[in-house]
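Reproduced below: coords-v9.json, with JSON, C-alpha atoms.
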```json
[["chain", "number", "residue", "atom", "x", "y", "z"],
["A", 1, "MET", "CA", 38.28, 30.16, -8.52],
["A", 2, "SER", "CA", 35.41, 32.51, -9.34],
["A", 3, "LYS", "CA", 33.98, 34.45, -6.43],
["A", 4, "ASP", "CA", 30.43, 33.78, -7.59],
["A", 5, "MET", "CA", 28.22, 30.72, -7.89],
["A", 6, "ARG", "CA", 24.81, 29.77, -9.22],
["A", 7, "ALA", "CA", 22.12, 29.08, -6.67],
["A", 8, "VAL", "CA", 18.37, 28.64, -6.42],
["A", 9, "VAL", "CA", 16.92, 31.35, -4.18],
["A", 10, "ILE", "CA", 13.46, 31.74, -2.63],
["A", 11, "ASP", "CA", 12.60, 35.32, -1.62],
["A", 12, "GLU", "CA", 9.22, 34.41, -0.15],
["A", 13, "PRO", "CA", 6.93, 31.36, -0.01],
["A", 14, "GLY", "CA", 4.79, 30.55, -3.00],
["A", 15, "PRO", "CA", 4.30, 28.37, -6.10],
["A", 16, "PRO", "CA", 7.18, 26.76, -8.01],
["A", 17, "GLU", "CA", 7.87, 30.06, -9.78],
["A", 18, "VAL", "CA", 9.37, 31.48, -6.57],
["A", 19, "LEU", "CA", 12.40, 29.23, -7.17],
["A", 20, "GLN", "CA", 14.79, 31.62, -8.90],
["A", 21, "LEU", "CA", 18.20, 30.72, -10.37],
["A", 22, "ARG", "CA", 20.58, 33.53, -9.49],
["A", 23, "THR", "CA", 24.23, 34.42, -9.13],
["A", 24, "ARG", "CA", 25.34, 34.68, -5.52],
["A", 25, "PRO", "CA", 28.73, 35.12, -3.84],
["A", 26, "ILE", "CA", 30.42, 31.87, -2.83],
["A", 27, "PRO", "CA", 30.09, 31.74, 0.98],
["A", 28, "GLU", "CA", 33.19, 32.15, 3.12],
["A", 29, "PRO", "CA", 33.38, 29.37, 5.72],
["A", 30, "ALA", "CA", 33.65, 30.72, 9.24],
["A", 31, "ALA", "CA", 35.53, 28.98, 12.04],
["A", 32, "GLY", "CA", 33.78, 25.69, 12.71],
["A", 33, "GLU", "CA", 32.37, 25.49, 9.19],
["A", 34, "VAL", "CA", 33.31, 23.60, 6.02],
["A", 35, "LEU", "CA", 32.78, 24.87, 2.49],
["A", 36, "ILE", "CA", 31.50, 22.14, 0.18],
["A", 37, "ARG", "CA", 31.49, 22.20, -3.60],
["A", 38, "VAL", "CA", 28.12, 20.61, -4.33],
["A", 39, "LYS", "CA", 28.13, 17.84, -6.91],
["A", 40, "ALA", "CA", 24.54, 16.62, -6.39],
["A", 41, "PHE", "CA", 21.61, 17.01, -4.03],
["A", 42, "GLY", "CA", 18.37, 15.15, -3.46],
["A", 43, "LEU", "CA", 14.87, 16.60, -3.60],
["A", 44, "ASN", "CA", 12.75, 16.16, -0.48],
["A", 45, "ARG", "CA", 9.11, 16.71, 0.43],
["A", 46, "SER", "CA", 10.14, 18.91, 3.35],
["A", 47, "GLU", "CA", 11.65, 21.34, 0.81],
["A", 48, "LEU", "CA", 8.27, 21.50, -0.92],
["A", 49, "HIS", "CA", 6.67, 22.38, 2.41],
["A", 50, "PHE", "CA", 9.31, 25.04, 3.04],
["A", 51, "ARG", "CA", 8.80, 26.58, -0.40],
["A", 52, "GLN", "CA", 5.03, 26.64, 0.19],
["A", 53, "GLY", "CA", 5.49, 28.34, 3.55],
["A", 54, "VAL", "CA", 4.00, 25.56, 5.68],
["A", 55, "ALA", "CA", 7.26, 24.53, 7.38],
["A", 56, "THR", "CA", 7.48, 25.18, 11.10],
["A", 57, "ASN", "CA", 10.89, 26.84, 10.97],
["A", 58, "GLY", "CA", 13.12, 28.80, 8.62],
["A", 59, "SER", "CA", 13.32, 32.28, 7.14],
["A", 60, "PHE", "CA", 13.48, 34.04, 3.77],
["A", 61, "PRO", "CA", 15.20, 34.85, 1.49],
["A", 62, "ARG", "CA", 16.86, 31.47, 1.51],
["A", 63, "ILE", "CA", 18.75, 28.99, -0.65],
["A", 64, "PRO", "CA", 16.75, 25.79, 0.06],
["A", 65, "GLY", "CA", 17.97, 22.20, 0.25],
["A", 66, "ILE", "CA", 18.30, 20.05, 3.38],
["A", 67, "GLU", "CA", 21.11, 17.88, 1.99],
["A", 68, "ALA", "CA", 24.08, 17.96, -0.37],
["A", 69, "THR", "CA", 26.79, 15.65, -1.65],
["A", 70, "GLY", "CA", 30.11, 16.88, -2.94],
["A", 71, "VAL", "CA", 33.75, 17.56, -2.12],
["A", 72, "VAL", "CA", 35.47, 19.77, 0.42],
["A", 73, "ALA", "CA", 36.41, 23.11, -1.09],
["A", 74, "ALA", "CA", 37.81, 24.60, 2.13],
["A", 75, "ASP", "CA", 38.06, 23.64, 5.79],
["A", 76, "PRO", "CA", 39.54, 26.40, 7.97],
["A", 77, "SER", "CA", 40.36, 23.85, 10.68],
["A", 78, "GLY", "CA", 42.42, 21.69, 8.32],
["A", 79, "ALA", "CA", 40.65, 18.54, 9.50],
["A", 80, "LEU", "CA", 39.32, 17.70, 6.04],
["A", 81, "ALA", "CA", 41.53, 17.95, 2.98],
["A", 82, "ALA", "CA", 40.28, 19.73, -0.12],
["A", 83, "GLY", "CA", 38.70, 17.23, -2.49],
["A", 84, "THR", "CA", 37.49, 14.85, 0.23],
["A", 85, "GLN", "CA", 34.10, 13.36, -0.67],
["A", 86, "VAL", "CA", 31.48, 14.42, 1.87],
["A", 87, "VAL", "CA", 27.75, 14.51, 2.53],
["A", 88, "THR", "CA", 25.83, 16.90, 4.75],
["A", 89, "LEU", "CA", 22.20, 17.14, 5.77],
["A", 90, "MET", "CA", 19.65, 18.55, 8.20],
["A", 91, "GLY", "CA", 20.60, 20.64, 11.23],
["A", 92, "GLY", "CA", 18.73, 23.70, 9.94],
["A", 93, "MET", "CA", 20.27, 23.45, 6.48],
["A", 94, "GLY", "CA", 18.16, 25.09, 3.79],
["A", 95, "ARG", "CA", 15.88, 26.71, 6.36],
["A", 96, "GLU", "CA", 17.83, 28.51, 9.07],
["A", 97, "PHE", "CA", 20.93, 28.89, 6.88],
["A", 98, "ASP", "CA", 21.49, 28.48, 3.15],
["A", 99, "GLY", "CA", 21.27, 24.93, 1.84],
["A", 100, "GLY", "CA", 22.24, 22.62, -0.96],
["A", 101, "TYR", "CA", 20.49, 24.10, -4.02],
["A", 102, "ALA", "CA", 23.74, 25.80, -5.00],
["A", 103, "GLU", "CA", 27.18, 25.16, -6.39],
["A", 104, "TYR", "CA", 28.72, 25.73, -2.95],
["A", 105, "VAL", "CA", 27.39, 25.51, 0.60],
["A", 106, "ALA", "CA", 28.98, 26.35, 3.97],
["A", 107, "VAL", "CA", 27.79, 24.15, 6.82],
["A", 108, "PRO", "CA", 28.78, 23.40, 10.43],
["A", 109, "ALA", "CA", 31.70, 20.97, 10.51],
["A", 110, "GLY", "CA", 29.81, 18.69, 12.88],
["A", 111, "GLN", "CA", 27.31, 17.78, 10.18],
["A", 112, "VAL", "CA", 29.86, 16.96, 7.47],
["A", 113, "ILE", "CA", 30.39, 13.24, 6.90],
["A", 114, "PRO", "CA", 33.39, 12.11, 4.83],
["A", 115, "PHE", "CA", 33.18, 8.97, 2.70],
["A", 116, "ALA", "CA", 34.85, 7.27, -0.25],
["A", 117, "SER", "CA", 32.91, 5.89, -3.21],
["A", 118, "GLU", "CA", 33.28, 5.35, -6.93],
["A", 119, "LEU", "CA", 29.55, 5.64, -7.57],
["A", 120, "PRO", "CA", 28.50, 8.46, -9.92],
["A", 121, "TRP", "CA", 27.41, 11.71, -8.29],
["A", 122, "GLU", "CA", 23.85, 11.41, -9.55],
["A", 123, "GLN", "CA", 23.51, 8.21, -7.50],
["A", 124, "LEU", "CA", 25.39, 9.49, -4.46],
["A", 125, "GLY", "CA", 23.18, 12.57, -4.39],
["A", 126, "ALA", "CA", 20.14, 10.40, -3.69],
["A", 127, "VAL", "CA", 21.67, 8.67, -0.66],
["A", 128, "PRO", "CA", 22.01, 11.00, 2.38],
["A", 129, "GLU", "CA", 18.43, 11.76, 3.43],
["A", 130, "MET", "CA", 17.16, 8.38, 2.23],
["A", 131, "LEU", "CA", 19.75, 6.50, 4.28],
["A", 132, "GLN", "CA", 19.30, 8.78, 7.29],
["A", 133, "THR", "CA", 15.54, 8.16, 7.19],
["A", 134, "ALA", "CA", 16.03, 4.40, 7.04],
["A", 135, "TYR", "CA", 18.60, 4.47, 9.86],
["A", 136, "GLY", "CA", 16.42, 6.65, 12.08],
["A", 137, "SER", "CA", 13.38, 4.49, 11.40],
["A", 138, "LEU", "CA", 15.26, 1.36, 12.40],
["A", 139, "TYR", "CA", 17.15, 2.54, 15.47],
["A", 140, "THR", "CA", 15.07, 5.45, 16.80],
["A", 141, "GLY", "CA", 11.57, 4.54, 15.64],
["A", 142, "VAL", "CA", 11.63, 0.75, 15.82],
["A", 143, "ARG", "CA", 14.53, 0.57, 18.32],
["A", 144, "ALA", "CA", 15.72, -2.65, 16.69],
["A", 145, "ALA", "CA", 18.34, -4.94, 18.20],
["A", 146, "PRO", "CA", 20.26, -7.99, 16.93],
["A", 147, "GLY", "CA", 18.25, -11.21, 17.02],
["A", 148, "GLN", "CA", 14.89, -9.50, 16.66],
["A", 149, "SER", "CA", 12.51, -9.76, 13.70],
["A", 150, "LEU", "CA", 11.36, -6.90, 11.48],
["A", 151, "LEU", "CA", 8.62, -6.50, 8.88],
["A", 152, "VAL", "CA", 9.33, -3.95, 6.13],
["A", 153, "ARG", "CA", 6.15, -2.99, 4.30],
["A", 154, "GLY", "CA", 7.00, -1.46, 0.95],
["A", 155, "GLY", "CA", 10.26, -3.36, 0.64],
["A", 156, "THR", "CA", 10.95, -2.21, -2.91],
["A", 157, "SER", "CA", 10.93, 1.50, -2.01],
["A", 158, "SER", "CA", 14.35, 3.11, -1.65],
["A", 159, "ILE", "CA", 13.93, 3.38, 2.13],
["A", 160, "GLY", "CA", 12.55, -0.14, 2.33],
["A", 161, "MET", "CA", 15.58, -1.56, 0.54],
["A", 162, "ALA", "CA", 17.94, 0.43, 2.76],
["A", 163, "LEU", "CA", 16.12, -0.91, 5.83],
["A", 164, "ILE", "CA", 16.58, -4.50, 4.67],
["A", 165, "VAL", "CA", 20.32, -4.02, 4.16],
["A", 166, "LEU", "CA", 20.84, -2.21, 7.49],
["A", 167, "ALA", "CA", 18.75, -4.69, 9.47],
["A", 168, "LYS", "CA", 20.50, -7.73, 8.00],
["A", 169, "ARG", "CA", 23.89, -6.14, 8.62],
["A", 170, "ASP", "CA", 22.99, -5.87, 12.30],
["A", 171, "GLY", "CA", 21.65, -9.38, 12.76],
["A", 172, "LEU", "CA", 17.87, -9.03, 12.46],
["A", 173, "ARG", "CA", 15.53, -11.46, 10.74],
["A", 174, "VAL", "CA", 13.76, -9.47, 8.03],
["A", 175, "TYR", "CA", 10.49, -9.97, 6.19],
["A", 176, "ALA", "CA", 9.57, -7.64, 3.34],
["A", 177, "THR", "CA", 6.37, -7.05, 1.42],
["A", 178, "THR", "CA", 5.79, -6.24, -2.22],
["A", 179, "ARG", "CA", 2.76, -6.21, -4.46],
["A", 180, "ARG", "CA", 4.70, -7.64, -7.39],
["A", 181, "GLU", "CA", 5.85, -11.24, -7.63],
["A", 182, "GLN", "CA", 8.62, -10.18, -10.01],
["A", 183, "ALA", "CA", 10.21, -8.16, -7.18],
["A", 184, "ARG", "CA", 10.73, -11.23, -5.00],
["A", 185, "ALA", "CA", 14.19, -12.09, -6.36],
["A", 186, "ARG", "CA", 15.47, -8.55, -5.82],
["A", 187, "LEU", "CA", 14.32, -8.48, -2.19],
["A", 188, "GLU", "CA", 15.88, -11.88, -1.54],
["A", 189, "GLU", "CA", 19.11, -10.65, -3.13],
["A", 190, "LEU", "CA", 19.14, -7.74, -0.68],
["A", 191, "GLY", "CA", 18.90, -10.23, 2.19],
["A", 192, "ALA", "CA", 15.22, -10.53, 3.07],
["A", 193, "ASP", "CA", 14.62, -13.80, 4.93],
["A", 194, "GLY", "CA", 11.02, -13.90, 3.72],
["A", 195, "VAL", "CA", 9.16, -12.06, 0.96],
["A", 196, "LEU", "CA", 5.40, -11.60, 1.31],
["A", 197, "ILE", "CA", 3.21, -10.72, -1.65],
["A", 198, "ASP", "CA", 0.82, -8.09, -0.29],
["A", 199, "ASP", "CA", -2.64, -9.40, -1.08],
["A", 200, "GLY", "CA", -4.36, -7.60, 1.78],
["A", 201, "ALA", "CA", -3.72, -10.39, 4.28],
["A", 202, "VAL", "CA", -0.16, -9.60, 5.35],
["A", 203, "ALA", "CA", -0.83, -10.19, 9.07],
["A", 204, "GLU", "CA", -1.91, -13.75, 8.39],
["A", 205, "GLN", "CA", 1.15, -14.39, 6.22],
["A", 206, "VAL", "CA", 3.46, -13.03, 8.92],
["A", 207, "ARG", "CA", 1.94, -15.25, 11.60],
["A", 208, "ALA", "CA", 2.23, -18.27, 9.32],
["A", 209, "LEU", "CA", 5.95, -17.59, 8.98],
["A", 210, "HIS", "CA", 6.71, -16.26, 12.44],
["A", 211, "GLY", "CA", 4.26, -17.57, 15.01],
["A", 212, "ASP", "CA", 2.90, -14.69, 17.09],
["A", 213, "GLY", "CA", 4.26, -12.06, 14.72],
["A", 214, "VAL", "CA", 7.36, -9.92, 14.39],
["A", 215, "ASP", "CA", 9.05, -7.73, 16.99],
["A", 216, "GLY", "CA", 8.68, -4.55, 14.95],
["A", 217, "ALA", "CA", 7.47, -3.15, 11.65],
["A", 218, "SER", "CA", 8.29, -0.23, 9.38],
["A", 219, "ASN", "CA", 5.63, 0.81, 6.90],
["A", 220, "TRP", "CA", 6.68, 2.57, 3.66],
["A", 221, "TRP", "CA", 3.82, 1.82, 1.32],
["A", 222, "GLU", "CA", 1.25, 4.46, 2.34],
["A", 223, "PRO", "CA", 1.32, 8.29, 2.32],
["A", 224, "THR", "CA", 1.49, 8.21, 6.13],
["A", 225, "PHE", "CA", 4.44, 6.16, 7.32],
["A", 226, "SER", "CA", 4.68, 4.35, 10.64],
["A", 227, "ARG", "CA", 7.16, 2.47, 12.75],
["A", 228, "THR", "CA", 6.20, -0.09, 15.39],
["A", 229, "PRO", "CA", 8.88, -0.51, 18.09],
["A", 230, "CYS", "CA", 10.65, -3.79, 18.63],
["A", 231, "GLY", "CA", 11.21, -3.23, 22.32],
["A", 232, "PRO", "CA", 9.88, -1.27, 25.30]]
```

If you convert what's in this file into structure tokens, what do you get?
Amino acid sequence: MSKDMRAVVIDEPGPPEVLQLRTRPIPEPAAGEVLIRVKAFGLNRSELHFRQGVATNGSFPRIPGIEATGVVAADPSGALAAGTQVVTLMGGMGREFDGGYAEYVAVPAGQVIPFASELPWEQLGAVPEMLQTAYGSLYTGVRAAPGQSLLVRGGTSSIGMALIVLAKRDGLRVYATTRREQARARLEELGADGVLIDDGAVAEQVRALHGDGVDGASNWWEPTFSRTPCGP
């Protein structure tokens, strides 16, 4: 294996031109770390903020990227075999230590998640942060529990669709909104118990279907997102 890799490096904050493709040494995983051969990574708004210098943490120069999907290249502990499919994200990745915009990344073992899938890498690369956002919205933001009801505004967004699947898996009754009638069948296929066409009177539609309203809501159709808790 070559000792070098290609990576995107930012020396200092600035416009898109500060993203420089360079040759860097492949990192050596320390004890407690795993070296991942990156197959794909998602692009996130927080990386834009970091590149612009408006993030609240991090340092330069830095290889950005708060997530990566790939295979284990080396695990000094022996816990994960080489070639195991894994994802990693967050925990200071791409800000406090080098991130996923590279062919290899070394990360703390505690934030490496093994999985098995036959999906292509370009699809798997879009999953980690999207799914983590949906999961956190549902269980930390909304604090959902089985038997409760949930409204997902923006049901056809990637996070909205993930929310529907997760909520139905865990026994919630789910209503989803869309502005397009042609999206109804897709939302029902994902498991939505009710699909509301957003005509500006969503609250009235929800009450017509569910009496006094739902236990919680997650809003993914505006630039500022919100989550209304299900419980106290």

- Task: Show which residues sit within 7 Å of Glu103 (chain A), as a list in words. Count only C-alpha atoms, and ignore same-chain residues fewer than 6 positions away.
- Result: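 Non-adjacent residues within range: Met5, Arg6, Ala7, Arg37 and Val38 of chain A.
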
- Message: Using only C-alpha atoms for the distances, tell me which of A:Leu89, A:Ala203, A:Met161, A:Val142 is nearest to Arg186 (chain A).
- Response: A:Met161

- Task: Compare A:Pro64, A:Gly53, A:Gly147, A:Gly194 by their minimum atom-to-atom distance to Val206 (chain A), counting only C-alpha atoms, and give me the closest one.
- Result: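 Counting only C-alpha atoms, the residue closest to Val206 (chain A) is A:Gly194.
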
- For CA of Gln20 (chain A) and CA of Val105 (chain A), determine how far apart the two atoms are, in Å to one decimal place.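 For CA of Gln20 (chain A) relative to CA of Val105 (chain A), the distance reads 16.9 Å.
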
- Message: Please list, as a PyMOL selection string, the residues that have an atom at most 12 Å away from (16.2, -5.2, 20.1) in the coordinates of this file, counting all atoms listed in the file.
- Response: chain A and resi 138-150+167+170-173+214-216+229-232

- Nearby residues (only C-alpha atoms) at most 9 Å from Leu80 (chain A), same-chain spacing under 6 positions excluded, as a ChimeraX atom specification: /A:34,72,74,114

- Query: Just how far from CA of Ser218 (chain A) is CA of Gln132 (chain A), in Å to one decimal?
  - Reply: 14.4 Å

- Pick from A:Met130, A:Gln85, A:Ala40, A:Ala73 nearest to Glu118 (chain A), counting all atoms listed in the file: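 Answer, going by the shortest atom-to-atom distance: A:Gln85.
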
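For the atom pair formed by CA of Val54 (chain A) and CA of Gly14 (chain A), the distance is 10.0 Å, given to one decimal.
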
- Task: Could you please give me, as a PyMOL selection string, the residues of protein, DNA or RNA lying at most 8 Å from (2.7, 25.5, -2.6) in the coordinate frame of the file, considering only C-alpha atoms?
- Result: chain A and resi 13-16+48-49+51-53

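The smallest atom-to-atom distance between Ala68 (chain A) and any of A:Glu47, A:Glu28, A:Glu12, A:Glu129, using all atoms listed in the file, is found for A:Glu129.
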
- Task: Return the single residue from A:Leu166, A:Ala102, A:Leu35, A:Ile113 that is closest to Ser77 (chain A), with distances computed using only C-alpha atoms.
- Result: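 Among the listed residues, the smallest separation from Ser77 (chain A) belongs to A:Leu35.
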
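Residues in contact with region 152-158 of chain A at 9 Å, where only C-alpha atoms are counted and same-chain residues fewer than 3 positions away are skipped, are listed as Met130, Leu131, Ala134, Met161, Ala162, Leu163, Ile164, Val174, Tyr175, Ala176, Thr177, Thr178, Arg179, Ala183, Arg186, Leu187, Val195, Asp198, Gly216, Ala217, Ser218, Asn219, Trp220, Trp221 and Glu222 of chain A.
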
- Item | From A:Glu17, A:Glu67, A:Asp193, A:Tyr104, residue lying nearest Asp4 (chain A) [only C-alpha atoms] | A:Tyr104

Give me the residues within 9 Å of Gly91 (chain A) as a PDB file with C-alpha atoms, in the coordinates of the input, counting all atoms listed in the file and dropping any in the same chain fewer than 6 places off.
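Once everything was written out, this is out-v7.pdb:
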```pdb
ATOM      1  CA  ILE A  66      18.300  20.050   3.380  1.00  0.00           C
ATOM      2  CA  PRO A 108      28.780  23.400  10.430  1.00  0.00           C
ATOM      3  CA  GLN A 111      27.310  17.780  10.180  1.00  0.00           C
TER       4      GLN A 111
END
```

Kindly output region 108-137 of chain A as an mmCIF file, in the coordinates of the input, after building N, CA and C atoms.
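The file below, rebuild.cif, is the result:
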```cif
data_model
loop_
_atom_site.group_PDB
_atom_site.id
_atom_site.type_symbol
_atom_site.label_atom_id
_atom_site.label_comp_id
_atom_site.auth_asym_id
_atom_site.auth_seq_id
_atom_site.Cartn_x
_atom_site.Cartn_y
_atom_site.Cartn_z
ATOM 1 N N PRO A 108 28.021 23.734 9.231
ATOM 2 C CA PRO A 108 28.780 23.400 10.430
ATOM 3 C C PRO A 108 29.590 22.117 10.235
ATOM 4 N N ALA A 109 30.826 22.129 10.699
ATOM 5 C CA ALA A 109 31.700 20.970 10.510
ATOM 6 C C ALA A 109 31.132 19.706 11.130
ATOM 7 N N GLY A 110 30.359 19.853 12.194
ATOM 8 C CA GLY A 110 29.810 18.690 12.880
ATOM 9 C C GLY A 110 28.787 17.917 12.077
ATOM 10 N N GLN A 111 28.265 18.502 11.003
ATOM 11 C CA GLN A 111 27.310 17.780 10.180
ATOM 12 C C GLN A 111 27.872 17.466 8.792
ATOM 13 N N VAL A 112 29.181 17.363 8.707
ATOM 14 C CA VAL A 112 29.860 16.960 7.470
ATOM 15 C C VAL A 112 30.402 15.554 7.662
ATOM 16 N N ILE A 113 30.012 14.652 6.780
ATOM 17 C CA ILE A 113 30.390 13.240 6.900
ATOM 18 C C ILE A 113 31.259 12.848 5.711
ATOM 19 N N PRO A 114 32.539 12.538 5.939
ATOM 20 C CA PRO A 114 33.390 12.110 4.830
ATOM 21 C C PRO A 114 33.120 10.669 4.438
ATOM 22 N N PHE A 115 33.352 10.339 3.186
ATOM 23 C CA PHE A 115 33.180 8.970 2.700
ATOM 24 C C PHE A 115 34.059 8.786 1.473
ATOM 25 N N ALA A 116 34.120 7.562 0.990
ATOM 26 C CA ALA A 116 34.850 7.270 -0.250
ATOM 27 C C ALA A 116 33.989 6.337 -1.088
ATOM 28 N N SER A 117 33.739 6.711 -2.324
ATOM 29 C CA SER A 117 32.910 5.890 -3.210
ATOM 30 C C SER A 117 33.264 6.186 -4.655
ATOM 31 N N GLU A 118 33.092 5.176 -5.498
ATOM 32 C CA GLU A 118 33.280 5.350 -6.930
ATOM 33 C C GLU A 118 31.956 5.446 -7.672
ATOM 34 N N LEU A 119 30.847 5.470 -6.935
ATOM 35 C CA LEU A 119 29.550 5.640 -7.570
ATOM 36 C C LEU A 119 29.452 7.014 -8.218
ATOM 37 N N PRO A 120 28.673 7.148 -9.294
ATOM 38 C CA PRO A 120 28.500 8.460 -9.920
ATOM 39 C C PRO A 120 27.751 9.416 -8.996
ATOM 40 N N TRP A 121 28.004 10.708 -9.175
ATOM 41 C CA TRP A 121 27.410 11.710 -8.290
ATOM 42 C C TRP A 121 25.897 11.686 -8.320
ATOM 43 N N GLU A 122 25.311 11.400 -9.490
ATOM 44 C CA GLU A 122 23.850 11.410 -9.550
ATOM 45 C C GLU A 122 23.240 10.303 -8.696
ATOM 46 N N GLN A 123 23.986 9.245 -8.419
ATOM 47 C CA GLN A 123 23.510 8.210 -7.500
ATOM 48 C C GLN A 123 23.827 8.597 -6.050
ATOM 49 N N LEU A 124 25.021 9.095 -5.816
ATOM 50 C CA LEU A 124 25.390 9.490 -4.460
ATOM 51 C C LEU A 124 24.483 10.592 -3.929
ATOM 52 N N GLY A 125 24.034 11.472 -4.816
ATOM 53 C CA GLY A 125 23.180 12.570 -4.390
ATOM 54 C C GLY A 125 21.843 12.127 -3.832
ATOM 55 N N ALA A 126 21.430 10.911 -4.166
ATOM 56 C CA ALA A 126 20.140 10.400 -3.690
ATOM 57 C C ALA A 126 20.249 9.675 -2.357
ATOM 58 N N VAL A 127 21.454 9.540 -1.820
ATOM 59 C CA VAL A 127 21.670 8.670 -0.660
ATOM 60 C C VAL A 127 21.436 9.331 0.702
ATOM 61 N N PRO A 128 21.955 10.538 0.985
ATOM 62 C CA PRO A 128 22.010 11.000 2.380
ATOM 63 C C PRO A 128 20.695 10.969 3.141
ATOM 64 N N GLU A 129 19.688 11.688 2.679
ATOM 65 C CA GLU A 129 18.430 11.760 3.430
ATOM 66 C C GLU A 129 17.698 10.429 3.418
ATOM 67 N N MET A 130 17.797 9.705 2.304
ATOM 68 C CA MET A 130 17.160 8.380 2.230
ATOM 69 C C MET A 130 17.759 7.439 3.263
ATOM 70 N N LEU A 131 19.095 7.401 3.341
ATOM 71 C CA LEU A 131 19.750 6.500 4.280
ATOM 72 C C LEU A 131 19.525 6.953 5.717
ATOM 73 N N GLN A 132 19.545 8.270 5.942
ATOM 74 C CA GLN A 132 19.300 8.780 7.290
ATOM 75 C C GLN A 132 17.891 8.430 7.757
ATOM 76 N N THR A 133 16.921 8.511 6.845
ATOM 77 C CA THR A 133 15.540 8.160 7.190
ATOM 78 C C THR A 133 15.424 6.691 7.552
ATOM 79 N N ALA A 134 16.066 5.836 6.756
ATOM 80 C CA ALA A 134 16.030 4.400 7.040
ATOM 81 C C ALA A 134 16.707 4.101 8.378
ATOM 82 N N TYR A 135 17.856 4.705 8.617
ATOM 83 C CA TYR A 135 18.600 4.470 9.860
ATOM 84 C C TYR A 135 17.794 4.937 11.071
ATOM 85 N N GLY A 136 17.211 6.144 10.971
ATOM 86 C CA GLY A 136 16.420 6.650 12.080
ATOM 87 C C GLY A 136 15.175 5.821 12.333
ATOM 88 N N SER A 137 14.556 5.350 11.254
ATOM 89 C CA SER A 137 13.380 4.490 11.400
ATOM 90 C C SER A 137 13.727 3.220 12.154
#
```
